[in-house]
Every structure is written in C-alpha cells, then in structure tokens.
file target-v4.txt (compact mmCIF, C-alpha atoms and all ligand atoms)
# COMPACT_ATOMS: atom_id res chain seq x y z
CA MET B 1 11.75 13.33 -3.32
CA GLN B 2 13.57 13.38 -0.01
CA TRP B 3 13.44 14.81 3.46
CA GLU B 4 15.37 18.08 3.76
CA SER B 5 16.43 19.72 7.02
CA ARG B 6 14.70 22.97 6.02
CA LEU B 7 11.42 21.07 6.40
CA SER B 8 11.90 20.60 10.14
CA ILE B 9 9.21 22.39 12.15
CA GLY B 10 10.94 21.75 15.49
CA ILE B 11 8.34 19.28 16.78
CA LYS B 12 9.83 15.78 16.76
CA GLN B 13 6.58 13.82 16.38
CA PHE B 14 5.40 15.84 13.40
CA ASP B 15 8.80 15.84 11.71
CA GLU B 16 8.64 12.04 11.85
CA HIS B 17 5.14 12.09 10.36
CA HIS B 18 6.29 14.36 7.53
CA LYS B 19 9.23 12.03 6.81
CA GLU B 20 6.81 9.12 6.55
CA LEU B 21 4.54 11.06 4.14
CA ILE B 22 7.55 11.85 1.95
CA ARG B 23 8.61 8.19 2.12
CA ILE B 24 5.18 7.02 0.90
CA ILE B 25 5.16 9.52 -1.98
CA ALA B 26 8.70 8.46 -2.99
CA GLU B 27 7.66 4.80 -2.84
CA LEU B 28 4.66 5.59 -5.00
CA ARG B 29 6.86 7.21 -7.59
CA ASN B 30 9.43 4.38 -7.56
CA SER B 31 6.67 1.77 -7.80
CA LYS B 32 5.10 3.59 -10.72
CA ASN B 33 8.46 3.82 -12.51
CA SER B 34 9.22 0.14 -11.97
CA GLY B 35 5.91 -0.82 -13.53
CA GLU B 36 3.87 -1.99 -10.53
CA SER B 37 0.22 -2.84 -11.16
CA HIS B 38 -2.74 -0.48 -10.92
CA VAL B 39 -4.02 -2.32 -7.83
CA TYR B 40 -0.64 -2.06 -6.12
CA LEU B 41 -0.39 1.67 -6.83
CA LYS B 42 -3.98 2.22 -5.76
CA ASN B 43 -3.19 0.58 -2.41
CA LEU B 44 -0.20 2.86 -1.95
CA LEU B 45 -2.36 5.89 -2.70
CA PHE B 46 -4.81 4.62 -0.10
CA GLU B 47 -1.93 4.27 2.37
CA LEU B 48 -0.95 7.87 1.64
CA LEU B 49 -4.51 9.04 2.26
CA SER B 50 -4.83 7.06 5.51
CA TYR B 51 -1.51 8.28 6.87
CA THR B 52 -2.33 11.85 5.87
CA LYS B 53 -5.60 11.68 7.83
CA TYR B 54 -3.86 10.15 10.85
CA HIS B 55 -1.19 12.85 10.78
CA PHE B 56 -3.61 15.76 10.31
CA THR B 57 -5.74 14.52 13.21
CA ALA B 58 -2.64 14.37 15.44
CA GLU B 59 -1.75 17.96 14.55
CA GLU B 60 -5.31 19.14 15.11
CA ARG B 61 -5.51 17.51 18.58
CA MET B 62 -2.24 19.19 19.54
CA MET B 63 -3.41 22.60 18.27
CA GLU B 64 -6.67 22.29 20.21
CA LYS B 65 -4.89 21.19 23.36
CA HIS B 66 -2.72 24.31 23.23
CA HIS B 67 -5.48 26.68 22.09
CA TYR B 68 -3.68 27.59 18.89
CA PRO B 69 -5.29 30.82 17.61
CA GLU B 70 -5.00 29.82 13.93
CA PHE B 71 -6.50 26.39 14.46
CA GLU B 72 -9.54 26.88 12.19
CA LYS B 73 -7.47 28.24 9.33
CA HIS B 74 -4.94 25.44 9.62
CA LYS B 75 -7.66 22.79 9.82
CA LYS B 76 -9.32 24.20 6.71
CA GLU B 77 -6.10 23.60 4.78
CA HIS B 78 -6.03 20.01 6.05
CA VAL B 79 -9.60 19.46 4.86
CA GLU B 80 -8.81 20.85 1.41
CA LEU B 81 -5.62 18.80 1.06
CA THR B 82 -7.39 15.61 2.16
CA GLU B 83 -10.21 16.24 -0.32
CA GLN B 84 -7.72 16.71 -3.16
CA VAL B 85 -6.00 13.40 -2.44
CA GLU B 86 -9.39 11.67 -2.04
CA TYR B 87 -10.55 13.08 -5.36
CA PHE B 88 -7.40 11.90 -7.10
CA LEU B 89 -7.64 8.43 -5.53
CA ASP B 90 -11.28 8.14 -6.68
CA ARG B 91 -10.39 9.09 -10.24
CA TYR B 92 -7.37 6.80 -10.26
CA SER B 93 -9.47 3.89 -8.94
CA LEU B 94 -11.92 4.39 -11.80
CA GLY B 95 -9.13 4.51 -14.37
CA LYS B 96 -9.94 8.13 -15.20
CA THR B 97 -6.45 9.42 -14.58
CA ASP B 98 -2.89 8.18 -14.54
CA LEU B 99 -0.08 8.62 -12.03
CA ASP B 100 2.02 10.97 -14.10
CA GLU B 101 4.79 13.39 -13.18
CA GLU B 102 2.19 16.10 -12.77
CA ILE B 103 0.62 14.36 -9.81
CA PHE B 104 3.98 13.87 -8.09
CA GLU B 105 4.76 17.56 -8.58
CA PHE B 106 1.36 18.34 -7.12
CA LEU B 107 1.89 16.08 -4.08
CA LYS B 108 5.32 17.53 -3.43
CA LYS B 109 4.05 21.08 -3.78
CA TRP B 110 1.12 20.62 -1.41
CA LEU B 111 3.19 18.87 1.21
CA PHE B 112 6.20 21.20 1.07
CA GLU B 113 4.16 24.41 0.98
CA HIS B 114 1.96 23.27 3.84
CA ILE B 115 4.96 22.26 5.96
CA LEU B 116 7.07 25.33 5.19
CA GLU B 117 4.33 27.87 5.79
CA THR B 118 1.42 26.56 7.83
CA ASP B 119 3.12 23.88 9.91
CA LYS B 120 6.18 25.99 10.70
CA LYS B 121 3.96 28.69 12.16
CA MET B 122 2.21 26.08 14.30
CA GLY B 123 5.59 24.60 15.28
CA GLU B 124 6.86 27.93 16.57
CA TYR B 125 3.74 28.42 18.67
CA LEU B 126 3.89 24.91 20.14
CA HIS B 127 7.60 25.15 20.79
CA ILE B 128 7.14 28.27 22.93
CA ARG B 129 4.59 26.27 24.93
CA GLY B 130 7.09 23.54 25.68
CA VAL B 131 6.18 20.99 23.00
CA GLU B 132 9.28 19.38 21.55
FE FE K 1 -0.59 20.79 9.13
call {"tool": "encode", "arguments": {"input": "target-v4.txt", "output": "structure tokens"}}
result
Amino acid sequence: MQWESRLSIGIKQFDEHHKELIRIIAELRNSKNSGESHVYLKNLLFELLSYTKYHFTAEERMMEKHHYPEFEKHKKEHVELTEQVEYFLDRYSLGKTDLDEEIFEFLKKWLFEHILETDKKMGEYLHIRGVE
C-alpha cells in the first residue's frame, strides 16, 4: 500500500496526513508479515487510531473555519470510520480477531474511498477559499 498522486486533494497539510496514515497501515502489514508480536501490532493499531483522530479533528476544524456546507455529512463519515477502527482494535486486543488480509483490504478501502470522494470535495471547496 503506497501513496499515489491521484490521492492528492490539493491541500498540503492533509495530503501529508494521508501519507502518514498510509505509512502506518503499510507498517502494520509489514510487521504482521514479519511475525511481530500481538502487543507490538496492537500498539501500531492504537497509533493508527490516534493519528486518525488527530487528522479528522484537523479537517473538521478547517471545515468549520471556512463554513463548509457539507461539514455535518463529512463529520458523520469520520465518526463512522473511527468507530470501525475502534471496534476492530477492541476485538483484536481481546484476541477475538486476527490481522488478516481482509482487514488490510478494509483499511485501504475506507481510506481511499474517503479521500477520493469526501476529502476531494472538501479540498476543492477549501482551495477556492485560498487554503493550500
Ligand atoms: Fe475527511
């Protein structure tokens, strides 16, 4: 899983955040494949959750600041995505699920779809208002 130029939403700060999210997911996958421990992988999942929250909050502050008309809808997606990662982390912590290919496909899908549809729309709006 790698950054691709088609993922750029035209807002430098958020492109950097998205790159970091992709980096953490790739690290998670590599660590899983190289046989890292459950505790180690759990910590990486926690890092992913923390960074996701930090990033979503940054986007939400920017949308509010610029009175983005689709703020509520966008925020709702953030809440749902955060809950899904939290739910997975909880189950993984309890040993009720494994980090299999399915979860990496899921993480990639949620991140890419959100960036390509929801974040791009926001990016266009912010760009017109002078945010770079
Ligand atoms: Fe977003």
call {"tool": "residues_near_ligand", "arguments": {"input": "target-v4.txt", "ligand": "ligand FE 1 (chain K)", "cutoff": "8 Å", "atoms": "only C-alpha atoms and all ligand atoms", "output": "compact mmCIF listing (two decimals) with C-alpha atoms, in the coordinates of the input"}}
result
# COMPACT_ATOMS: atom_id res chain seq x y z
CA PHE B 56 -3.61 15.76 10.31
CA GLU B 59 -1.75 17.96 14.55
CA GLU B 60 -5.31 19.14 15.11
CA HIS B 74 -4.94 25.44 9.62
CA LYS B 75 -7.66 22.79 9.82
CA GLU B 77 -6.10 23.60 4.78
CA HIS B 78 -6.03 20.01 6.05
CA HIS B 114 1.96 23.27 3.84
CA ILE B 115 4.96 22.26 5.96
CA THR B 118 1.42 26.56 7.83
CA ASP B 119 3.12 23.88 9.91
CA MET B 122 2.21 26.08 14.30
call {"tool": "closest_residue", "arguments": {"input": "target-v4.txt", "among": "B:Val39, B:Leu7, B:Met63, B:Leu111", "to": "Leu94 (chain B)", "atoms": "all atoms listed in the file"}}
result
B:Val39
call {"tool": "closest_residue", "arguments": {"input": "target-v4.txt", "among": "B:Phe46, B:Tyr40, B:Tyr51, B:Trp110", "to": "Glu16 (chain B)", "atoms": "all atoms listed in the file"}}
result
B:Tyr51
call {"tool": "closest_residue", "arguments": {"input": "target-v4.txt", "among": "B:His18, B:Asn33, B:Lys12, B:Trp3", "to": "Glu101 (chain B)", "atoms": "all atoms listed in the file"}}
result
B:Asn33
call {"tool": "closest_residue", "arguments": {"input": "target-v4.txt", "among": "B:Glu113, B:Glu20, B:Glu47, B:Glu4", "to": "Val85 (chain B)", "atoms": "only C-alpha atoms"}}
result
B:Glu47
call {"tool": "residues_around", "arguments": {"input": "target-v4.txt", "residues": "Glu27 (chain B)", "least_positions_apart": "2", "cutoff": "12 Å", "atoms": "all atoms listed in the file", "output": "PyMOL selection string"}}
result
chain B and resi 1-2+20-25+29-34+36+40-41+43-45+47-48+104
call {"tool": "atom_distance", "arguments": {"input": "target-v4.txt", "atom1": "CA of Gln84 (chain B)", "atom2": "CA of Lys109 (chain B)"}}
result
12.6 Å
call {"tool": "atom_distance", "arguments": {"input": "target-v4.txt", "atom1": "CA of Arg129 (chain B)", "atom2": "CA of His66 (chain B)"}}
result
7.8 Å
call {"tool": "closest_residue", "arguments": {"input": "target-v4.txt", "among": "B:Ile11, B:His17, B:Lys65, B:Lys42", "to": "Leu99 (chain B)", "atoms": "all atoms listed in the file"}}
result
B:Lys42
call {"tool": "atom_distance", "arguments": {"input": "target-v4.txt", "atom1": "CA of Gly10 (chain B)", "atom2": "CA of Ile103 (chain B)"}}
result
28.3 Å
call {"tool": "closest_residue", "arguments": {"input": "target-v4.txt", "among": "B:Asp98, B:Ile9, B:Glu80, B:Leu28", "to": "Lys53 (chain B)", "atoms": "all atoms listed in the file"}}
result
B:Glu80
call {"tool": "axis_aligned_box", "arguments": {"input": "target-v4.txt", "around": "region 75-82 of chain B", "padding_each_side": "3 Å", "output": "lines of an AutoDock Vina configuration file"}}
result
center_x = -7.6
center_y = 19.9
center_z = 5.4
size_x = 10.0
size_y = 14.6
size_z = 14.8
call {"tool": "residues_near_point", "arguments": {"input": "target-v4.txt", "point": "(2.1, 14.0, 11.9)", "cutoff": "6 Å", "atoms": "only C-alpha atoms", "output": "ChimeraX atom specification"}}
result
/B:14,17,55,58
call {"tool": "build_atoms", "arguments": {"input": "target-v4.txt", "residues": "region 69-95 of chain B", "atoms": "N, CA and C atoms", "output": "mmCIF file, in the frame of the given file"}}
result
data_model
loop_
_atom_site.group_PDB
_atom_site.id
_atom_site.type_symbol
_atom_site.label_atom_id
_atom_site.label_comp_id
_atom_site.auth_asym_id
_atom_site.auth_seq_id
_atom_site.Cartn_x
_atom_site.Cartn_y
_atom_site.Cartn_z
ATOM 1 N N PRO B 69 -4.334 29.844 18.161
ATOM 2 C CA PRO B 69 -5.290 30.820 17.610
ATOM 3 C C PRO B 69 -5.619 30.619 16.132
ATOM 4 N N GLU B 70 -4.714 29.998 15.374
ATOM 5 C CA GLU B 70 -5.000 29.820 13.930
ATOM 6 C C GLU B 70 -5.481 28.413 13.607
ATOM 7 N N PHE B 71 -6.038 27.767 14.640
ATOM 8 C CA PHE B 71 -6.500 26.390 14.460
ATOM 9 C C PHE B 71 -7.465 26.214 13.287
ATOM 10 N N GLU B 72 -8.507 27.047 13.231
ATOM 11 C CA GLU B 72 -9.540 26.880 12.190
ATOM 12 C C GLU B 72 -8.956 27.017 10.780
ATOM 13 N N LYS B 73 -8.094 27.995 10.631
ATOM 14 C CA LYS B 73 -7.470 28.240 9.330
ATOM 15 C C LYS B 73 -6.592 27.052 8.919
ATOM 16 N N HIS B 74 -5.836 26.571 9.879
ATOM 17 C CA HIS B 74 -4.940 25.440 9.620
ATOM 18 C C HIS B 74 -5.771 24.185 9.272
ATOM 19 N N LYS B 75 -6.819 23.965 10.043
ATOM 20 C CA LYS B 75 -7.660 22.790 9.820
ATOM 21 C C LYS B 75 -8.311 22.831 8.434
ATOM 22 N N LYS B 76 -8.693 24.024 8.017
ATOM 23 C CA LYS B 76 -9.320 24.200 6.710
ATOM 24 C C LYS B 76 -8.372 23.729 5.606
ATOM 25 N N GLU B 77 -7.101 24.056 5.761
ATOM 26 C CA GLU B 77 -6.100 23.600 4.780
ATOM 27 C C GLU B 77 -6.011 22.071 4.768
ATOM 28 N N HIS B 78 -6.062 21.478 5.962
ATOM 29 C CA HIS B 78 -6.030 20.010 6.050
ATOM 30 C C HIS B 78 -7.213 19.404 5.299
ATOM 31 N N VAL B 79 -8.389 19.984 5.512
ATOM 32 C CA VAL B 79 -9.600 19.460 4.860
ATOM 33 C C VAL B 79 -9.445 19.533 3.345
ATOM 34 N N GLU B 80 -8.957 20.669 2.862
ATOM 35 C CA GLU B 80 -8.810 20.850 1.410
ATOM 36 C C GLU B 80 -7.774 19.871 0.835
ATOM 37 N N LEU B 81 -6.669 19.710 1.542
ATOM 38 C CA LEU B 81 -5.620 18.800 1.060
ATOM 39 C C LEU B 81 -6.130 17.357 1.034
ATOM 40 N N THR B 82 -6.848 16.972 2.086
ATOM 41 C CA THR B 82 -7.390 15.610 2.160
ATOM 42 C C THR B 82 -8.368 15.379 1.008
ATOM 43 N N GLU B 83 -9.220 16.363 0.762
ATOM 44 C CA GLU B 83 -10.210 16.240 -0.320
ATOM 45 C C GLU B 83 -9.529 16.082 -1.683
ATOM 46 N N GLN B 84 -8.434 16.806 -1.871
ATOM 47 C CA GLN B 84 -7.720 16.710 -3.160
ATOM 48 C C GLN B 84 -7.138 15.316 -3.373
ATOM 49 N N VAL B 85 -6.568 14.749 -2.302
ATOM 50 C CA VAL B 85 -6.000 13.400 -2.440
ATOM 51 C C VAL B 85 -7.134 12.379 -2.633
ATOM 52 N N GLU B 86 -8.236 12.561 -1.895
ATOM 53 C CA GLU B 86 -9.390 11.670 -2.040
ATOM 54 C C GLU B 86 -9.941 11.711 -3.474
ATOM 55 N N TYR B 87 -10.043 12.892 -3.997
ATOM 56 C CA TYR B 87 -10.550 13.080 -5.360
ATOM 57 C C TYR B 87 -9.648 12.379 -6.373
ATOM 58 N N PHE B 88 -8.333 12.549 -6.176
ATOM 59 C CA PHE B 88 -7.400 11.900 -7.100
ATOM 60 C C PHE B 88 -7.490 10.387 -6.988
ATOM 61 N N LEU B 89 -7.552 9.882 -5.749
ATOM 62 C CA LEU B 89 -7.640 8.430 -5.530
ATOM 63 C C LEU B 89 -8.902 7.866 -6.200
ATOM 64 N N ASP B 90 -10.018 8.567 -6.056
ATOM 65 C CA ASP B 90 -11.280 8.140 -6.680
ATOM 66 C C ASP B 90 -11.126 8.033 -8.195
ATOM 67 N N ARG B 91 -10.557 9.073 -8.782
ATOM 68 C CA ARG B 91 -10.390 9.090 -10.240
ATOM 69 C C ARG B 91 -9.411 8.017 -10.702
ATOM 70 N N TYR B 92 -8.359 7.833 -9.911
ATOM 71 C CA TYR B 92 -7.370 6.800 -10.260
ATOM 72 C C TYR B 92 -8.002 5.406 -10.172
ATOM 73 N N SER B 93 -8.798 5.191 -9.130
ATOM 74 C CA SER B 93 -9.470 3.890 -8.940
ATOM 75 C C SER B 93 -10.355 3.561 -10.128
ATOM 76 N N LEU B 94 -10.987 4.586 -10.677
ATOM 77 C CA LEU B 94 -11.920 4.390 -11.800
ATOM 78 C C LEU B 94 -11.200 4.376 -13.153
ATOM 79 N N GLY B 95 -9.893 4.517 -13.122
ATOM 80 C CA GLY B 95 -9.130 4.510 -14.370
ATOM 81 C C GLY B 95 -9.274 5.803 -15.171
#
